[in-house]
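A.B. asks: Quick one: structure below, then a few questions.
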Amino acid sequence: MPAIPSSKPYRIGKSRTGLGLFATKPIKKGTKIIRYIGPMLDCNKKEDDAIENKYLFQMTKRWTIDGSVRKNIARYINHACRPNAESDVSARKRTVVIRAIKNIEPGQEINYDYGTDYFKEYLKPIGCKCDTCEKKRKKLRAEARAEKQREKERAAKKAAKASGASNGKAVNGHAIVGKGLRGRAAKTTAAKSRVVKATSRSKAAGKTSRKTRSARAS
Ligand SMILES: [Zn+2]
């Protein structure tokens, strides 16, 4: 891990997805935090265009920063869908600066939005782990659990009614439950095959074009 001078308002630390950059001092909204640095790649050059890694930051159609180098501390900054910083690109000066767009408190993780291309290529297939998306997933899971519970209760009520109506015809009662189970199993399989299809599509897309980080389209 590269050493960071203590005068800087950040440190590298453990985050949900591995490592991240965390504030060690209050960082005011609008402050420049760090530069995203690395060799400049010219996509008009074949050997430059062939370079592929997760730290490519596309500045313009032609120029991309290869941020995979060790001295580029900004590469530790993780993506977030609702970030507290942004990437500020100066195409003329060929620089990228990460700037706070909210007041950041010591201990908070610094993050910025990597842009749509990167998100689709690298984050969507594995599920974005940012706070916003984690919260959304938690909510969906809770809702799904609640719905399952309601379904169970409905089925139990139905079964109770059926057994009451048939008045001792237990064989019929069993047949009804059996059918219900088969129906549920079929549904689950259909949902799974949909997921598989979506994944293979995104893989195919990845082969055709290089995806890079880019400034948030705003
Ligand atoms: Zn997210």
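Residues are named by chain letter and number: chains run A, B, ... in the order of the structure tokens, numbers start at 1 in each chain, and ligands are numbered from 1 in the order shown.
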Tell me, which residues of range 104-133 of chain A carry DSSP alpha helix (DSSP H), written as a VMD selection string?
C.D. replies: chain A and resid 116 to 118 131 to 133
A.B. asks: Hey, which residues sit close to ligand 1? Say within 12 Å, counting only C-alpha atoms and all ligand atoms, and write them as a PyMOL selection string.
C.D. replies: chain A and resi 17+78-83+111-116+118-120+122-124+126-137
A.B. asks: Check which residues of range 79-131 of chain A sit at most 12 Å from range 23-34 of chain A using only C-alpha atoms, and return one row each with the closest pair of atoms and their distance in Å to one decimal, ordered by chain and rising number, as a Markdown table.
C.D. replies:
```
| residue | atom | partner | partner_atom | distance |
| --- | --- | --- | --- | --- |
| A:Asn84 | CA | A:Lys29 | CA | 8.5 |
| A:Ala85 | CA | A:Lys29 | CA | 8.4 |
| A:Glu86 | CA | A:Gly30 | CA | 9.6 |
| A:Ser87 | CA | A:Ile34 | CA | 9.8 |
| A:Asp88 | CA | A:Lys32 | CA | 9.1 |
| A:Thr95 | CA | A:Ile34 | CA | 10.9 |
| A:Val96 | CA | A:Ile34 | CA | 8.8 |
| A:Val97 | CA | A:Ile34 | CA | 5.9 |
| A:Ile98 | CA | A:Ile34 | CA | 5.4 |
| A:Arg99 | CA | A:Lys32 | CA | 4.3 |
| A:Ala100 | CA | A:Lys29 | CA | 5.0 |
| A:Ile101 | CA | A:Lys29 | CA | 4.9 |
| A:Lys102 | CA | A:Lys29 | CA | 4.4 |
| A:Asn103 | CA | A:Lys29 | CA | 4.5 |
| A:Ile104 | CA | A:Ile27 | CA | 5.0 |
| A:Glu105 | CA | A:Pro26 | CA | 4.7 |
| A:Pro106 | CA | A:Thr24 | CA | 4.5 |
| A:Gly107 | CA | A:Ala23 | CA | 5.3 |
| A:Gln108 | CA | A:Ala23 | CA | 5.6 |
| A:Glu109 | CA | A:Ala23 | CA | 6.3 |
| A:Ile110 | CA | A:Ala23 | CA | 6.6 |
| A:Asn111 | CA | A:Ala23 | CA | 10.4 |
| A:Tyr112 | CA | A:Ile33 | CA | 11.6 |
```
A.B. asks: Quote the spacing between CA of Leu41 in chain A and CA of Ile77 in chain A in Å to one decimal place.
C.D. replies: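 Separation of CA of Leu41 in chain A and CA of Ile77 in chain A: 20.9 Å.
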A.B. asks: Can you list, as a PDB file with C-alpha atoms, in the first residue's frame, every residue of range 14-191 of chain A that DSSP puts in strand (DSSP E or B)?
C.D. replies:
```pdb
ATOM      1  CA  LYS A  14     -10.933  -1.416   4.297  1.00  0.00           C
ATOM      2  CA  SER A  15     -14.236  -0.913   2.572  1.00  0.00           C
ATOM      3  CA  GLY A  18     -11.953  -4.375  -0.581  1.00  0.00           C
ATOM      4  CA  LEU A  19     -10.036  -1.156  -0.142  1.00  0.00           C
ATOM      5  CA  GLY A  20     -11.240   2.414  -0.288  1.00  0.00           C
ATOM      6  CA  LEU A  21     -10.210   5.984   0.423  1.00  0.00           C
ATOM      7  CA  PHE A  22     -11.469   7.501   3.669  1.00  0.00           C
ATOM      8  CA  ALA A  23     -11.463  11.068   4.958  1.00  0.00           C
ATOM      9  CA  ILE A  27     -13.345  18.020   3.694  1.00  0.00           C
ATOM     10  CA  LYS A  32     -10.161  19.465  -4.540  1.00  0.00           C
ATOM     11  CA  ILE A  33      -9.272  16.190  -2.832  1.00  0.00           C
ATOM     12  CA  ILE A  34      -6.818  14.419  -5.106  1.00  0.00           C
ATOM     13  CA  ARG A  35      -5.748  14.124  -8.729  1.00  0.00           C
ATOM     14  CA  TYR A  36      -6.325  10.995 -10.788  1.00  0.00           C
ATOM     15  CA  MET A  40      -1.776   9.236 -20.921  1.00  0.00           C
ATOM     16  CA  LEU A  41      -3.046   6.725 -23.471  1.00  0.00           C
ATOM     17  CA  ASP A  42      -3.693   7.842 -27.021  1.00  0.00           C
ATOM     18  CA  LEU A  56      -8.763   3.446 -17.239  1.00  0.00           C
ATOM     19  CA  PHE A  57     -10.261   6.905 -17.043  1.00  0.00           C
ATOM     20  CA  GLN A  58     -11.485   8.223 -20.350  1.00  0.00           C
ATOM     21  CA  TRP A  63      -7.159  10.506 -24.411  1.00  0.00           C
ATOM     22  CA  THR A  64      -7.457   8.052 -21.522  1.00  0.00           C
ATOM     23  CA  ILE A  65      -5.525   8.008 -18.246  1.00  0.00           C
ATOM     24  CA  ASP A  66      -4.126   4.636 -17.223  1.00  0.00           C
ATOM     25  CA  ASN A  78     -14.729   3.395  -5.011  1.00  0.00           C
ATOM     26  CA  HIS A  79     -17.800   4.044  -7.087  1.00  0.00           C
ATOM     27  CA  ALA A  85     -17.300  13.644  -4.707  1.00  0.00           C
ATOM     28  CA  GLU A  86     -17.062  13.962  -8.462  1.00  0.00           C
ATOM     29  CA  SER A  87     -14.431  13.678 -11.156  1.00  0.00           C
ATOM     30  CA  ASP A  88     -13.631  17.043 -12.628  1.00  0.00           C
ATOM     31  CA  VAL A  89     -12.079  16.714 -16.088  1.00  0.00           C
ATOM     32  CA  SER A  90     -10.076  19.456 -17.723  1.00  0.00           C
ATOM     33  CA  THR A  95      -6.124  16.524 -15.790  1.00  0.00           C
ATOM     34  CA  VAL A  96      -8.753  14.816 -13.682  1.00  0.00           C
ATOM     35  CA  VAL A  97      -9.386  16.105 -10.185  1.00  0.00           C
ATOM     36  CA  ILE A  98     -11.594  14.437  -7.612  1.00  0.00           C
ATOM     37  CA  ARG A  99     -13.571  17.189  -5.891  1.00  0.00           C
ATOM     38  CA  ALA A 100     -15.957  17.047  -2.921  1.00  0.00           C
ATOM     39  CA  ILE A 104     -17.248  14.976   4.046  1.00  0.00           C
ATOM     40  CA  GLU A 109     -15.529   6.926   2.618  1.00  0.00           C
ATOM     41  CA  ILE A 110     -14.848   9.154  -0.381  1.00  0.00           C
ATOM     42  CA  ASN A 111     -16.520   8.080  -3.607  1.00  0.00           C
ATOM     43  CA  TYR A 112     -17.581   9.298  -7.004  1.00  0.00           C
TER      44      TYR A 112
END
```
A.B. asks: Would you pick out the contacts of range 48-54 of chain A at 8 Å or less, using only C-alpha atoms, so that residues sharing its chain but fewer than 3 positions from it are not included, and give the list as a PyMOL selection string?
C.D. replies: chain A and resi 41-45+68+210+212
A.B. asks: Do you have the CA of Ala155 in chain A-CA of Ala142 in chain A distance handy?
C.D. replies: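 Those two atoms sit 20.0 Å apart.
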